[in-house]
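K.L.:
Okay, handing you the structure first.
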Amino acid sequence: MIELQPGQEIDLVHADGTPLTRLRMGVGWDKERTAGFIGTGAPDIDLDASAVQFSGTQLFDLAFYNHLSTRDGSVVHLGDNKTGSGAGDDEAITVDLAKVYARVDTIVFLVSSYQGHTLEWINNAYCRVVAEGVEGPDGAETEIARLTLTAGVPETGVVLAKIVRDGDRWRLRAIGAGVRVTKPSDSVTALARFL
C-alpha cells in the first residue's frame with residue numbers, strides 16, 4: 001500500500017505489470033467531537049461519495065447516493081451512510097475498468113456535504129483504493145493506495161482523487177483539494193480545474 005500525497009500518481013497495475021480491472025474506492029470519516037457550539041457537540045455529518053465520469057471536459061455520467069450506477073454499469077455506488085458511524089469504509093464505489101465506456105477518459109472521486117457543513121466538522125477522513133478480487137499474501141484484500149486528510153477542509157466538498165485512462169491502462173492521481181459542492185450533480189463546474 002502506498003500513502004499518497006496530493007499530486008502523486010501511480011499506475012493501476014498488478015505486481016506483474018498487467019492492468020488492474022476491478023477497483024473499489026472506499027471513503028471514511030468521523031465527525032469532529034469538539035466542533036459545534038459550546039456544549040452542543042458536532043452534528044451528524046452526512047457526506048456523500050461520488051464518482052463523476054468525463055469525456056475530455058464534458059460530463060459523461062456519474063454515480064452517487066441518488067443515482068447508484070452509471071449507464072454503462074462500470075461504476076456502482078454501494079449505498080449511503082448518513083453519519084460516518086461504524087468501523088471501516090463509510091461509503092464505497094466500485095469501478096470495473098474493463099466496462100468503462102471508451103469515450104470516458106477521466107473518473108473523478110469526491111466527497112461532499114449534503115447539508116452544507118464545511119469539512120472542518122470531520123476528522124480521520126481518508127479514501128483508499130482496493131484491488132477487487134486480489135488477495136495479499138495474508139489473505140486480506142489488497143489496498144493499493146490511500147490518501148489521508150489530516151487537516152479539516154474549509155469547503156463543503158473535497159476532490160479526493162481521479163483515475164485517468166492511459167492507453168489500455170489507468171493511472172490514479174491523488175488530489176485532496178477542497179471545493180464548494182453540496183450535491184454531486186452540481187459538481188461539474190467545480191471539477192473542471194482537475195481535468
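The chains in the C-alpha cells are called A, B, ... from first to last as shown; in each chain the residues are counted from 1, and the ligands are counted from 1 in the order shown.
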Write down as a ChimeraX atom specification the residues of chain A whose backbone DSSP state falls under helix (DSSP H, G or I).
P.N.:
/A:97-99,184-186,188-194
K.L.:
With C-alpha atoms retained, could you export that selection as a compact mmCIF listing (two decimals), in the first residue's frame?
P.N.:
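So the final result, stored in selection-v4.txt, reads:
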```txt
# COMPACT_ATOMS: atom_id res chain seq x y z
CA LEU A 97 -12.34 -0.51 -15.69
CA ALA A 98 -12.95 -3.05 -18.46
CA LYS A 99 -16.58 -1.84 -18.73
CA PRO A 184 -22.75 15.70 -6.74
CA SER A 185 -24.96 16.66 -9.68
CA ASP A 186 -23.81 20.28 -9.27
CA VAL A 188 -19.21 19.65 -12.90
CA THR A 189 -18.11 23.31 -12.90
CA ALA A 190 -16.10 22.86 -9.68
CA LEU A 191 -14.32 19.81 -11.12
CA ALA A 192 -13.25 21.44 -14.40
CA ARG A 193 -9.89 22.57 -13.00
CA PHE A 194 -8.96 18.98 -12.12
```
K.L.:
Just the residues within 7 Å of segment 66-80 of chain A, please, counting only C-alpha atoms, with nothing from its chain fewer than 6 positions along; format it as a VMD selection string.
P.N.:
chain A and resid 48 91 to 97 99 to 101
K.L.:
How would the residues just chosen look if you wrote them out with C-alpha atoms as a CSV table (one decimal), in the first residue's frame?
P.N.:
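And here is the file that came out, out18.csv:
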```csv
chain,number,residue,atom,x,y,z
A,48,ASP,CA,-21.6,11.6,0.1
A,91,GLU,CA,-19.2,4.6,1.6
A,92,ALA,CA,-17.7,2.7,-1.3
A,93,ILE,CA,-17.8,2.9,-5.1
A,94,THR,CA,-16.7,0.0,-7.3
A,95,VAL,CA,-15.2,0.5,-10.8
A,96,ASP,CA,-14.9,-2.1,-13.4
A,97,LEU,CA,-12.3,-0.5,-15.7
A,99,LYS,CA,-16.6,-1.8,-18.7
A,100,VAL,CA,-15.9,1.9,-18.8
A,101,TYR,CA,-17.3,3.4,-22.0
```
K.L.:
By how many Å are atom CA of Gly116 of chain A and atom CA of Val158 of chain A apart?
P.N.:
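Computing it gives 12.4 Å between the two atoms.
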K.L.:
Give the answer as one residue: which of A:Asp30, A:Asp138, A:Glu155, A:Asp61 has the shortest atom-to-atom distance to Asp89 of chain A, using only C-alpha atoms?
P.N.:
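That would be A:Asp30, the residue with the smallest distance to Asp89 of chain A.
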K.L.:
What lies within 6 Å of segment 1-15 of chain A using only C-alpha atoms, ignoring chain neighbours under 3 positions off, as a list in words?
P.N.:
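My list of contacting residues is Thr18, Pro19, Leu20, Glu143, Ile144, Ala145, Arg146, Leu147, Trp170, Arg171, Leu172, Arg173, Ala174, Ile175 and Gly176 of chain A.
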K.L.:
Quick one: pick out all strand (DSSP E) residues within chain A from a backbone DSSP run and write them as a PyMOL selection string.
P.N.:
chain A and resi 2-3+9-11+22-31+47-55+58-63+75-77+91-96+106-113+122-135+141-149+157-166+169-179
K.L.:
How about saving the chosen residues, C-alpha atoms kept, as a short mmCIF file (atom, residue, chain, number, x, y, z; two decimals), in the first residue's frame?
P.N.:
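Okay, again.cif is ready:
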```cif
data_model
loop_
_atom_site.label_atom_id
_atom_site.label_comp_id
_atom_site.auth_asym_id
_atom_site.auth_seq_id
_atom_site.Cartn_x
_atom_site.Cartn_y
_atom_site.Cartn_z
CA ILE A 2 1.22 3.47 -0.87
CA GLU A 3 0.26 6.52 1.21
CA GLU A 9 0.34 9.29 -9.22
CA ILE A 10 0.53 5.52 -9.51
CA ASP A 11 -0.19 3.09 -12.33
CA ARG A 22 -11.74 -4.01 -10.83
CA LEU A 23 -11.32 -1.40 -8.10
CA ARG A 24 -13.18 -0.25 -5.03
CA MET A 25 -12.80 3.29 -3.76
CA GLY A 26 -13.63 3.36 -0.06
CA VAL A 27 -14.04 6.55 1.94
CA GLY A 28 -14.34 7.02 5.66
CA TRP A 29 -14.69 9.84 8.17
CA ASP A 30 -15.66 10.62 11.75
CA LYS A 31 -17.37 13.72 12.99
CA LEU A 47 -21.02 13.13 3.50
CA ASP A 48 -21.64 11.63 0.10
CA ALA A 49 -19.07 9.86 -2.04
CA SER A 50 -19.45 10.32 -5.78
CA ALA A 51 -17.70 9.28 -8.98
CA VAL A 52 -18.01 11.61 -11.98
CA GLN A 53 -17.07 10.39 -15.45
CA PHE A 54 -15.75 12.81 -18.07
CA SER A 55 -15.03 12.59 -21.76
CA GLN A 58 -17.63 17.12 -20.90
CA LEU A 59 -19.67 15.36 -18.21
CA PHE A 60 -20.43 11.81 -19.34
CA ASP A 61 -22.14 10.22 -16.31
CA LEU A 62 -21.96 9.95 -12.53
CA ALA A 63 -22.71 7.57 -9.67
CA VAL A 75 -19.24 2.50 -11.75
CA VAL A 76 -21.54 1.48 -8.88
CA HIS A 77 -22.15 3.30 -5.59
CA GLU A 91 -19.18 4.60 1.64
CA ALA A 92 -17.72 2.71 -1.29
CA ILE A 93 -17.81 2.87 -5.06
CA THR A 94 -16.74 0.00 -7.32
CA VAL A 95 -15.24 0.52 -10.75
CA ASP A 96 -14.95 -2.12 -13.45
CA THR A 106 -11.30 10.51 -16.52
CA ILE A 107 -13.24 9.48 -13.41
CA VAL A 108 -13.10 11.95 -10.52
CA PHE A 109 -13.90 10.85 -6.96
CA LEU A 110 -15.20 13.39 -4.48
CA VAL A 111 -16.97 13.69 -1.16
CA SER A 112 -19.49 16.44 -0.50
CA SER A 113 -21.54 17.55 2.49
CA ILE A 122 -14.88 15.95 10.36
CA ASN A 123 -11.65 14.17 11.19
CA ASN A 124 -9.94 10.88 10.32
CA ALA A 125 -11.04 11.29 6.71
CA TYR A 126 -9.47 9.06 4.07
CA CYS A 127 -10.01 7.48 0.73
CA ARG A 128 -8.43 4.21 -0.29
CA VAL A 129 -8.24 2.16 -3.45
CA VAL A 130 -8.59 -1.60 -3.19
CA ALA A 131 -7.97 -4.11 -5.97
CA GLU A 132 -11.21 -6.10 -6.07
CA GLY A 133 -10.74 -9.87 -6.11
CA VAL A 134 -6.99 -9.68 -5.38
CA GLU A 135 -5.82 -11.05 -2.05
CA GLU A 141 -7.82 -7.61 0.39
CA THR A 142 -5.11 -5.70 -1.43
CA GLU A 143 -5.15 -2.00 -0.66
CA ILE A 144 -3.25 -0.24 -3.45
CA ALA A 145 -3.18 3.33 -2.21
CA ARG A 146 -4.57 5.61 0.47
CA LEU A 147 -4.96 9.38 0.80
CA THR A 148 -5.48 10.65 4.34
CA LEU A 149 -6.81 14.13 5.05
CA GLY A 157 -16.54 19.13 -0.55
CA VAL A 158 -13.20 17.63 -1.34
CA VAL A 159 -11.89 16.13 -4.57
CA LEU A 160 -10.10 13.02 -3.36
CA ALA A 161 -8.55 11.55 -6.48
CA LYS A 162 -9.04 10.83 -10.15
CA ILE A 163 -8.25 7.96 -12.43
CA VAL A 164 -7.16 8.76 -15.96
CA ARG A 165 -7.06 6.49 -18.99
CA ASP A 166 -3.52 5.98 -20.31
CA ARG A 169 -4.21 1.20 -18.63
CA TRP A 170 -5.35 3.66 -15.98
CA ARG A 171 -3.42 5.90 -13.59
CA LEU A 172 -4.54 7.10 -10.16
CA ARG A 173 -3.71 10.68 -9.13
CA ALA A 174 -4.25 11.89 -5.55
CA ILE A 175 -5.79 15.37 -5.34
CA GLY A 176 -7.11 16.20 -1.83
CA ALA A 177 -8.42 19.70 -2.73
CA GLY A 178 -11.46 21.45 -1.29
CA VAL A 179 -14.37 22.54 -3.50
#
```
